[in-house]
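Shown below: work.cif, with mmCIF, C-alpha atoms.
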data_my_file
#
loop_
_atom_site.group_PDB
_atom_site.id
_atom_site.type_symbol
_atom_site.label_atom_id
_atom_site.label_comp_id
_atom_site.auth_asym_id
_atom_site.auth_seq_id
_atom_site.Cartn_x
_atom_site.Cartn_y
_atom_site.Cartn_z
ATOM 1 C CA MET A 6 110.555 136.330 88.377
ATOM 2 C CA THR A 7 107.350 136.424 90.399
ATOM 3 C CA VAL A 8 105.455 133.165 90.729
ATOM 4 C CA LEU A 9 101.789 133.351 89.783
ATOM 5 C CA GLU A 10 98.817 131.025 89.951
ATOM 6 C CA GLY A 11 98.817 128.808 86.884
ATOM 7 C CA ASP A 12 102.575 128.821 86.435
ATOM 8 C CA ALA A 13 104.193 125.534 85.452
ATOM 9 C CA ILE A 14 107.051 124.261 87.607
ATOM 10 C CA PRO A 15 110.109 123.245 85.536
ATOM 11 C CA GLU A 16 109.956 119.476 85.087
ATOM 12 C CA TRP A 17 112.462 117.043 86.594
ATOM 13 C CA VAL A 18 113.271 113.868 84.670
ATOM 14 C CA MET A 19 114.309 110.475 86.005
ATOM 15 C CA GLU A 20 115.670 108.919 82.808
ATOM 16 C CA ARG A 21 115.801 105.389 84.192
ATOM 17 C CA VAL A 22 114.171 104.051 87.351
ATOM 18 C CA SER A 23 116.930 101.835 88.603
ATOM 19 C CA PRO A 24 116.351 98.404 90.162
ATOM 20 C CA GLU A 25 119.737 98.737 91.855
ATOM 21 C CA ARG A 26 118.578 101.873 93.677
ATOM 22 C CA MET A 27 115.403 100.073 94.749
ATOM 23 C CA ARG A 28 117.564 97.389 96.361
ATOM 24 C CA THR A 29 119.689 99.960 98.183
ATOM 25 C CA MET A 30 116.536 101.704 99.364
ATOM 26 C CA ALA A 31 114.990 98.427 100.534
ATOM 27 C CA ALA A 32 118.080 97.702 102.613
ATOM 28 C CA ILE A 33 118.131 101.169 104.187
ATOM 29 C CA LEU A 34 114.408 101.004 104.956
ATOM 30 C CA ARG A 35 114.614 97.378 106.061
ATOM 31 C CA ASP A 36 111.616 96.877 103.804
ATOM 32 C CA PRO A 37 110.718 93.195 103.588
ATOM 33 C CA ASN A 38 108.374 93.586 100.627
ATOM 34 C CA PRO A 39 109.917 91.585 97.741
ATOM 35 C CA VAL A 40 108.132 93.630 95.080
ATOM 36 C CA HIS A 41 111.058 96.036 95.372
ATOM 37 C CA TRP A 42 113.825 93.517 94.711
ATOM 38 C CA ASP A 43 112.387 90.247 93.344
ATOM 39 C CA ARG A 44 111.050 90.370 89.786
ATOM 40 C CA ASP A 45 109.634 86.855 90.042
ATOM 41 C CA ALA A 46 107.547 87.868 93.068
ATOM 42 C CA VAL A 47 106.008 90.706 91.070
ATOM 43 C CA ASP A 48 105.405 88.414 88.099
ATOM 44 C CA ALA A 49 103.465 86.041 90.362
ATOM 45 C CA LEU A 50 101.026 88.750 91.455
ATOM 46 C CA PRO A 51 97.686 89.067 89.624
ATOM 47 C CA LEU A 52 98.629 92.535 88.380
ATOM 48 C CA GLY A 53 99.955 91.780 84.907
ATOM 49 C CA LEU A 54 103.157 93.733 85.492
ATOM 50 C CA GLY A 55 105.486 91.001 84.313
ATOM 51 C CA LYS A 56 109.029 90.601 85.587
ATOM 52 C CA ARG A 57 109.523 94.174 86.802
ATOM 53 C CA THR A 58 110.290 95.406 90.270
ATOM 54 C CA ILE A 59 108.093 98.116 91.768
ATOM 55 C CA ASN A 60 109.682 101.359 92.910
ATOM 56 C CA GLN A 61 109.202 102.289 96.571
ATOM 57 C CA GLY A 62 106.499 104.924 97.058
ATOM 58 C CA PRO A 63 108.888 107.346 98.785
ATOM 59 C CA LEU A 64 111.330 107.099 95.863
ATOM 60 C CA GLY A 65 108.656 108.078 93.341
ATOM 61 C CA LEU A 66 107.721 110.923 95.658
ATOM 62 C CA SER A 67 111.363 111.966 95.868
ATOM 63 C CA TYR A 68 111.452 112.813 92.159
ATOM 64 C CA MET A 69 108.823 115.488 92.826
ATOM 65 C CA ILE A 70 110.822 116.689 95.837
ATOM 66 C CA ASN A 71 113.835 117.051 93.546
ATOM 67 C CA MET A 72 111.724 119.074 91.114
ATOM 68 C CA LEU A 73 110.578 121.414 93.903
ATOM 69 C CA HIS A 74 114.119 121.799 95.267
ATOM 70 C CA ALA A 75 115.476 122.671 91.808
ATOM 71 C CA TRP A 76 112.744 125.280 91.443
ATOM 72 C CA ALA A 77 112.523 126.921 94.864
ATOM 73 C CA GLY A 78 115.536 125.770 96.869
ATOM 74 C CA PRO A 79 116.570 122.888 99.129
ATOM 75 C CA ASP A 80 114.592 124.011 102.190
ATOM 76 C CA CYS A 81 111.438 125.116 100.390
ATOM 77 C CA ILE A 82 108.994 122.297 101.098
ATOM 78 C CA ARG A 83 106.456 122.768 103.883
ATOM 79 C CA ARG A 84 104.037 119.965 103.088
ATOM 80 C CA ILE A 85 103.528 117.167 100.586
ATOM 81 C CA VAL A 86 100.456 114.991 100.290
ATOM 82 C CA MET A 87 100.843 112.139 97.821
ATOM 83 C CA ARG A 88 98.619 109.417 96.433
ATOM 84 C CA PHE A 89 99.731 106.433 94.412
ATOM 85 C CA PRO A 90 97.191 105.493 91.713
ATOM 86 C CA GLN A 91 99.746 103.485 89.689
ATOM 87 C CA THR A 92 103.030 101.750 90.335
ATOM 88 C CA VAL A 93 106.402 102.961 89.054
ATOM 89 C CA LEU A 94 108.387 100.123 87.488
ATOM 90 C CA ASP A 95 112.062 99.465 86.995
ATOM 91 C CA GLU A 96 113.676 100.791 83.804
ATOM 92 C CA GLU A 97 110.909 103.331 83.225
ATOM 93 C CA ARG A 98 111.511 106.964 82.276
ATOM 94 C CA VAL A 99 109.323 109.204 84.401
ATOM 95 C CA VAL A 100 108.860 112.956 84.593
ATOM 96 C CA ALA A 101 107.931 115.013 87.665
ATOM 97 C CA ARG A 102 105.677 117.933 86.829
ATOM 98 C CA GLY A 103 103.681 120.548 88.686
ATOM 99 C CA THR A 104 101.647 123.722 88.489
ATOM 100 C CA VAL A 105 101.021 126.525 90.958
ATOM 101 C CA THR A 106 97.407 126.602 92.138
ATOM 102 C CA ALA A 107 97.664 129.531 94.566
ATOM 103 C CA VAL A 108 100.171 132.013 95.975
ATOM 104 C CA ARG A 109 99.548 133.356 99.482
ATOM 105 C CA GLU A 110 101.138 134.570 102.694
ATOM 106 C CA GLY A 111 101.703 131.922 105.360
ATOM 107 C CA ASN A 112 103.322 132.790 108.710
ATOM 108 C CA GLY A 113 105.013 135.811 107.165
ATOM 109 C CA VAL A 114 106.389 133.835 104.249
ATOM 110 C CA ARG A 115 105.157 133.828 100.675
ATOM 111 C CA VAL A 116 104.119 130.302 99.816
ATOM 112 C CA ALA A 117 102.871 128.537 96.719
ATOM 113 C CA ASP A 118 100.314 125.752 96.755
ATOM 114 C CA CYS A 119 101.003 123.345 93.922
ATOM 115 C CA ASP A 120 99.545 120.331 92.200
ATOM 116 C CA ILE A 121 102.361 117.886 91.533
ATOM 117 C CA TRP A 122 102.465 114.586 89.718
ATOM 118 C CA LEU A 123 104.718 111.950 88.211
ATOM 119 C CA GLU A 124 104.094 111.081 84.590
ATOM 120 C CA HIS A 125 104.968 108.240 82.237
ATOM 121 C CA ASP A 126 104.696 108.762 78.487
ATOM 122 C CA ALA A 127 102.502 105.722 77.867
ATOM 123 C CA ARG A 128 100.808 105.104 81.230
ATOM 124 C CA GLY A 129 99.934 108.660 82.174
ATOM 125 C CA THR A 130 99.899 109.873 85.769
ATOM 126 C CA LEU A 131 101.521 107.415 88.159
ATOM 127 C CA LEU A 132 101.588 109.476 91.371
ATOM 128 C CA GLU A 133 99.700 112.657 92.166
ATOM 129 C CA GLY A 134 99.363 115.048 95.030
ATOM 130 C CA THR A 135 99.844 118.526 96.372
ATOM 131 C CA ALA A 136 102.717 120.506 97.820
ATOM 132 C CA THR A 137 103.094 123.705 99.780
ATOM 133 C CA VAL A 138 106.354 125.464 99.040
ATOM 134 C CA ALA A 139 107.982 128.538 100.623
ATOM 135 C CA LEU A 140 109.071 130.845 97.825
ATOM 136 C CA PRO A 141 112.584 132.290 97.868
ATOM 137 C CA ALA A 142 113.081 136.010 97.303
ATOM 138 C CA GLN A 143 113.857 135.587 93.621
ATOM 139 C CA LEU A 144 110.453 133.904 93.050
ATOM 140 C CA SER A 145 108.262 136.020 95.309
ATOM 141 C CA MET B 4 94.903 83.770 93.431
ATOM 142 C CA THR B 5 95.221 83.157 97.142
ATOM 143 C CA SER B 6 91.571 83.640 98.065
ATOM 144 C CA ALA B 7 91.040 80.473 100.077
ATOM 145 C CA THR B 8 94.234 80.630 102.066
ATOM 146 C CA HIS B 9 93.861 83.714 104.249
ATOM 147 C CA PRO B 10 91.119 83.932 106.861
ATOM 148 C CA LEU B 11 89.881 87.460 107.420
ATOM 149 C CA PRO B 12 91.157 88.925 110.711
ATOM 150 C CA PRO B 13 88.321 89.591 113.176
ATOM 151 C CA LEU B 14 87.042 93.123 112.688
ATOM 152 C CA ALA B 15 87.390 93.847 116.403
ATOM 153 C CA SER B 16 91.100 93.050 116.282
ATOM 154 C CA ILE B 17 91.589 95.578 113.496
ATOM 155 C CA GLU B 18 89.474 98.312 115.071
ATOM 156 C CA ALA B 19 91.296 97.792 118.388
ATOM 157 C CA LEU B 20 94.503 99.034 116.735
ATOM 158 C CA ALA B 21 93.275 102.637 116.834
ATOM 159 C CA GLY B 22 95.133 104.385 119.624
ATOM 160 C CA HIS B 23 98.045 101.981 119.642
ATOM 161 C CA GLU B 24 101.197 103.872 120.569
ATOM 162 C CA PHE B 25 104.720 102.933 119.553
ATOM 163 C CA PRO B 26 107.385 103.042 122.254
ATOM 164 C CA GLY B 27 109.117 106.179 120.954
ATOM 165 C CA GLY B 28 112.815 106.821 120.802
ATOM 166 C CA GLU B 29 115.542 108.712 119.005
ATOM 167 C CA TYR B 30 117.175 108.717 115.579
ATOM 168 C CA THR B 31 120.304 110.343 114.212
ATOM 169 C CA VAL B 32 120.829 110.411 110.445
ATOM 170 C CA ALA B 33 124.445 109.586 109.700
ATOM 171 C CA HIS B 34 126.175 111.106 106.679
ATOM 172 C CA TRP B 35 126.508 107.725 104.982
ATOM 173 C CA GLU B 36 122.767 107.116 105.263
ATOM 174 C CA ASN B 37 121.890 110.534 103.838
ATOM 175 C CA PHE B 38 124.428 110.016 101.045
ATOM 176 C CA LEU B 39 122.907 106.684 100.008
ATOM 177 C CA LEU B 40 119.303 107.877 100.364
ATOM 178 C CA THR B 41 119.986 110.966 98.281
ATOM 179 C CA GLU B 42 121.780 108.928 95.623
ATOM 180 C CA CYS B 43 118.721 106.664 95.388
ATOM 181 C CA THR B 44 116.575 109.696 94.501
ATOM 182 C CA GLY B 45 118.867 110.749 91.662
ATOM 183 C CA ALA B 46 119.689 114.077 93.345
ATOM 184 C CA GLN B 47 122.939 115.621 94.565
ATOM 185 C CA LEU B 48 123.539 115.945 98.296
ATOM 186 C CA LEU B 49 121.778 118.982 99.729
ATOM 187 C CA PRO B 50 123.956 121.783 101.157
ATOM 188 C CA GLY B 51 124.814 122.331 104.796
ATOM 189 C CA GLY B 52 124.221 118.775 105.941
ATOM 190 C CA MET B 53 120.528 118.887 105.092
ATOM 191 C CA VAL B 54 118.937 115.468 104.896
ATOM 192 C CA HIS B 55 116.922 114.681 101.772
ATOM 193 C CA PRO B 56 113.214 114.754 102.724
ATOM 194 C CA VAL B 57 112.769 111.228 101.373
ATOM 195 C CA ALA B 58 114.079 110.251 104.835
ATOM 196 C CA LEU B 59 110.745 111.335 106.275
ATOM 197 C CA PHE B 60 109.314 107.970 105.375
ATOM 198 C CA HIS B 61 111.467 105.861 107.645
ATOM 199 C CA ILE B 62 113.242 108.163 110.146
ATOM 200 C CA PRO B 63 110.110 108.956 112.192
ATOM 201 C CA MET B 64 108.989 105.334 111.979
ATOM 202 C CA VAL B 65 112.254 103.756 113.053
ATOM 203 C CA GLY B 66 112.873 106.508 115.587
ATOM 204 C CA ALA B 67 109.493 105.814 117.154
ATOM 205 C CA GLY B 68 110.558 102.243 117.736
ATOM 206 C CA THR B 69 108.769 100.387 114.997
ATOM 207 C CA SER B 70 109.467 99.095 111.494
ATOM 208 C CA ILE B 71 107.768 98.349 108.234
ATOM 209 C CA ALA B 72 107.700 94.673 109.210
ATOM 210 C CA GLU B 73 106.034 95.392 112.567
ATOM 211 C CA MET B 74 103.493 97.693 110.944
ATOM 212 C CA PHE B 75 102.657 94.930 108.452
ATOM 213 C CA ALA B 76 102.280 92.468 111.342
ATOM 214 C CA LEU B 77 100.118 94.754 113.482
ATOM 215 C CA GLY B 78 97.564 94.934 110.690
ATOM 216 C CA GLN B 79 97.765 91.146 110.229
ATOM 217 C CA ALA B 80 98.996 91.511 106.665
ATOM 218 C CA GLU B 81 98.462 88.359 104.644
ATOM 219 C CA SER B 82 101.981 88.698 103.298
ATOM 220 C CA ASP B 83 104.625 91.339 102.662
ATOM 221 C CA LEU B 84 103.143 91.600 99.164
ATOM 222 C CA SER B 85 99.630 92.448 100.263
ATOM 223 C CA ILE B 86 100.039 96.103 101.303
ATOM 224 C CA ILE B 87 98.983 98.986 99.058
ATOM 225 C CA ILE B 88 99.817 102.644 99.753
ATOM 226 C CA GLU B 89 96.850 104.988 99.879
ATOM 227 C CA SER B 90 98.743 108.171 100.730
ATOM 228 C CA TYR B 91 101.613 109.877 102.510
ATOM 229 C CA ASP B 92 101.221 113.278 104.137
ATOM 230 C CA TRP B 93 104.514 114.869 105.181
ATOM 231 C CA GLU B 94 104.534 118.203 107.002
ATOM 232 C CA MET B 95 107.978 119.784 107.391
ATOM 233 C CA PHE B 96 108.589 122.600 109.845
ATOM 234 C CA GLU B 97 112.370 122.748 109.464
ATOM 235 C CA PRO B 98 114.880 120.787 107.377
ATOM 236 C CA LEU B 99 116.353 117.635 108.872
ATOM 237 C CA ARG B 100 120.111 117.732 109.436
ATOM 238 C CA GLU B 101 122.727 115.035 109.519
ATOM 239 C CA GLU B 102 124.182 114.038 112.893
ATOM 240 C CA THR B 103 121.310 115.590 114.845
ATOM 241 C CA ARG B 104 119.552 113.494 117.466
ATOM 242 C CA TYR B 105 115.797 113.688 116.854
ATOM 243 C CA SER B 106 113.183 112.268 119.178
ATOM 244 C CA ALA B 107 110.277 110.440 117.610
ATOM 245 C CA SER B 108 106.855 109.229 118.657
ATOM 246 C CA GLY B 109 104.084 107.504 116.787
ATOM 247 C CA SER B 110 100.653 105.958 117.005
ATOM 248 C CA ILE B 111 97.880 104.391 114.994
ATOM 249 C CA VAL B 112 95.273 107.073 114.354
ATOM 250 C CA SER B 113 92.551 104.903 112.874
ATOM 251 C CA ALA B 114 91.872 101.383 111.687
ATOM 252 C CA GLU B 115 88.757 100.400 109.803
ATOM 253 C CA ARG B 116 87.454 97.800 107.356
ATOM 254 C CA CYS B 117 86.510 99.075 103.923
ATOM 255 C CA THR B 118 85.328 97.791 100.567
ATOM 256 C CA SER B 119 87.011 98.907 97.351
ATOM 257 C CA ASP B 120 85.136 100.072 94.262
ATOM 258 C CA ALA B 121 85.841 96.602 92.842
ATOM 259 C CA GLY B 122 84.155 94.984 95.836
ATOM 260 C CA ASN B 123 87.318 93.759 97.575
ATOM 261 C CA LEU B 124 87.623 93.988 101.347
ATOM 262 C CA PHE B 125 90.638 95.735 102.839
ATOM 263 C CA ASP B 126 91.638 97.186 106.162
ATOM 264 C CA ARG B 127 92.634 100.848 106.082
ATOM 265 C CA ILE B 128 95.151 101.758 108.776
ATOM 266 C CA VAL B 129 96.451 105.274 109.398
ATOM 267 C CA PHE B 130 99.780 105.775 111.222
ATOM 268 C CA ARG B 131 101.056 109.142 112.464
ATOM 269 C CA PHE B 132 104.591 110.010 113.557
ATOM 270 C CA LEU B 133 106.070 113.134 115.135
ATOM 271 C CA LEU B 134 109.700 114.197 115.031
ATOM 272 C CA HIS B 135 111.154 116.781 117.443
ATOM 273 C CA ASN B 136 114.594 118.414 117.414
ATOM 274 C CA PRO B 137 116.894 118.467 120.480
ATOM 275 C CA SER B 138 115.282 121.761 121.576
ATOM 276 C CA GLY B 139 111.872 120.111 121.615
ATOM 277 C CA ALA B 140 110.499 121.889 118.557
ATOM 278 C CA LEU B 141 108.324 119.911 116.174
ATOM 279 C CA VAL B 142 110.324 119.295 113.018
ATOM 280 C CA ALA B 143 108.022 117.022 111.043
ATOM 281 C CA ARG B 144 104.694 115.253 111.221
ATOM 282 C CA THR B 145 104.072 112.337 108.881
ATOM 283 C CA THR B 146 100.932 110.368 108.183
ATOM 284 C CA ILE B 147 101.049 107.024 106.427
ATOM 285 C CA THR B 148 97.844 105.410 105.169
ATOM 286 C CA TRP B 149 98.088 101.832 104.011
ATOM 287 C CA HIS B 150 95.552 99.321 102.743
ATOM 288 C CA TYR B 151 95.900 95.788 104.059
ATOM 289 C CA THR B 152 94.326 93.906 101.188
ATOM 290 C CA ARG B 153 92.392 90.737 102.009
ATOM 291 C CA ASN B 154 92.462 87.887 99.542
ATOM 292 C CA THR B 155 93.097 90.264 96.657
ATOM 293 C CA LEU B 156 96.831 90.092 95.901
#
Turn the structure described in the file into structure tokens.
Amino acid sequence: MTVLEGDAIPEWVMERVSPERMRTMAAILRDPNPVHWDRDAVDALPLGLGKRTINQGPLGLSYMINMLHAWAGPDCIRRIVMRFPQTVLDEERVVARGTVTAVREGNGVRVADCDIWLEHDARGTLLEGTATVALPAQLS
Amino acid sequence: MTSATHPLPPLASIEALAGHEFPGGEYTVAHWENFLLTECTGAQLLPGGMVHPVALFHIPMVGAGTSIAEMFALGQAESDLSIIIESYDWEMFEPLREETRYSASGSIVSAERCTSDAGNLFDRIVFRFLLHNPSGALVARTTITWHYTRNTL
């Protein structure tokens, strides 16, 4: 199947954003920010989020990486630029989505430029950005 | 609110951060680390010892000889709770592999005081890290842009 501008990338679903995984990630990153492991600390902030921990930015981004890998292969990503307009909270169900905005040649490889984002049913777009992906033979 | 408790850092001390270079160093991703990182993303391990790209947040940083805590401190963060992510820009020139010794370097590209649409002051600091493989080829370039909020959170 040849990838074309406007194509949708098959979505990737994180059924439950896990507070346990946030804690593991915080330990690996040596991230001192308690918003990732202390619900009371988040509740005390003037953000109205309640007793929920906030997912690390790279973890939210990783769901879109997983979507791109499932679509175009585990070594496909050339660049990702990501912005974080909203937080991702523990226990949420979120969906990584994307569309192809251009297909071109880059350094002898066929690449796709994509808009990618992370969506929540009620809160809309949580993270948004762009990706450049090298297309495998079966997609180019 | 914490508005009266945190004096604003002098502007000159923030702007002086531009050009700051981290000491540099090396980093090898062990299998156990890749396993746990990948599990955190909800994915299966990648084939052939490939490291999940989520590692591009901390491998270049730690390899360059710094840490999240030091980066918070350099920008005179009011607290560990006061940082907001503006963006990450990760450029990947080849996949990272487990048990490969990468060399890393990093610096602060820019540091400036800004005002949000809501009228809140923050300091915007841009960090850039480079990762090279044992042959000296550039493997990844990452740019982290954080907002150091001032009397907002």
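Residues matched by the PyMOL selection byres ((chain B) within 6 of (chain A)) in this structure: Cys43, Thr44, Val57, Asp83, Leu84, Glu89, Ser90, Tyr91, Asp92, Trp93, Glu94 and Met95 of chain B.
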key: Distance in Å - atom CA of A:Ala142 versus atom CA of A:Ala107   = 16.9 Å
ask   = Expanded to explicit residues, what is the PyMOL selection byres ((chain B and resi 30) around 7) for this file, as a VMD selection string?
value = chain B and resid 29 31 to 32 62 66 104 to 106
ask   = atom CA of B:Leu49 and atom CA of B:Thr103 are how many Å apart?
value = 15.5 Å
request  = Tell me, in Å to one decimal, how far atom CA of B:Asn154 is from atom CA of B:Phe132.
outcome  = 28.9 Å
